[in-house]
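Undergrad: Encoded as structure tokens, here's the structure I'll be asking about.
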Amino acid sequence: MTTVKEAIEKMIQSRNVDTGRVSGLSRQIIAQMNTLQTSILINFENLPGISSSGESQLNLYLQAGAKEDLRAVLREGIAKQPSLRMTINSAYRTVAQQHILYQTYRREPKLIPLAAKPGNSNHEDGLAIDVSNYNAWKPYLLAHGWQWQGSRDPVHFFNNSGRDDVSNLGVKAFQSLWNKYNPTDKMTVDGNFGEQTAAKMDRCPIAGFALVTLFQLGDTGSVITRIQQSLTNIGFPTPVNGVFDQKTQAAVIKFQINKGLTADGDVGSMTLKTLGIRL
Ligand SMILES: [Zn+2]
């Protein structure tokens, strides 16, 4: 498991900053945002004329108003120049991605010359896009609610027709996501990206959180029945009664020894997988 902190170290070492590396964690943050505030971020990859050139790591999300403005931009651009496509370099940026940019900027300003603190970029509001062929699209963007950042950051366009600033919703989403998967190490859900939140972000798996699955002596339920059935079917017979009892544990240990697994009598993710059980 690679943590966010380890990923930042590697990016600085290799001098290649790629916020797509936290796409797993980012997907969970976006889903949590849409849970906290229903449909605040809307996918726009299916708008006609969008070309993200196979960069599946991009989060093509905007707030509803900004997406509708973009639809009008694309419609007008294509009506006037049928072969024109809009190439998007960056759209929604999660708090995890902004954390990577900001930490890199603080440590190696040569790599990232400028980055807003997490919670402060309009890419985190779902109100900004970076367009690599910006010259072609600029007139249409300006005609439909988008503003240009200027020559200092020429690819950047932003749109204020969305709802209010939601970047602290992104921070809240991260904080509540952390709490869901770390019930014994919770933090305050206040929407502020302070030191405590940054330290926990550093410890997150870049691929996203996974619930730890472990079944052991004393557990009951339908998964236990499946474990018992599977053990019995492949030659390690146990009662099939949904109760992880001593006999079940003994069969698990025999199975683990037979398969070269750690023979601890607990059914964790490796043992489940070897038994062919997917939860
Ligand atoms: Zn930008």
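Going by the structure tokens order, chains are called A, B, ..., each with residues numbered from 1, while ligands are numbered from 1 in the order shown.
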Which residues are near ligand 1 - at most 10 Å, using only C-alpha atoms and all ligand atoms? Format: as number ranges by chain.

TA: A: 89-93, 121-123, 127-131, 148-149, 153-158

Undergrad: Which of region 15-214 of chain A end up as strand (DSSP E or B) when DSSP is run on this backbone - answer as a PyMOL selection string?

TA: chain A and resi 42-43+50-51+59+61-62+86-90+92+128-131+146-148+156-159+205

Undergrad: Measuring between only C-alpha atoms, which one of A:Glu195, A:Asp219, A:Asp18, A:Glu6 shows the shortest distance to Leu101 (chain A)?

TA: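 Checking each of A:Glu195, A:Asp219, A:Asp18, A:Glu6 against Leu101 (chain A), counting only C-alpha atoms, the winner is A:Asp18.
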
Undergrad: May I have a table of the residues of region 32-57 of chain A lying at most 8 Å from region 172-175 of chain A, giving each one's closest pair of atoms and their distance in Å to one decimal, counting only C-alpha atoms, ordered by chain and ascending residue number, as CSV?

TA:
```
residue,atom,partner,partner_atom,distance
A:Gln32,CA,A:Ala173,CA,5.4
A:Met33,CA,A:Ala173,CA,5.2
A:Leu36,CA,A:Ala173,CA,7.1
```

Undergrad: For a test of reading the model, state the distance in Å between CA of Ser176 (chain A) and CA of Ala115 (chain A), rounded to one decimal.

TA: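 Straight-line distance from CA of Ser176 (chain A) to CA of Ala115 (chain A) works out to 24.6 Å.
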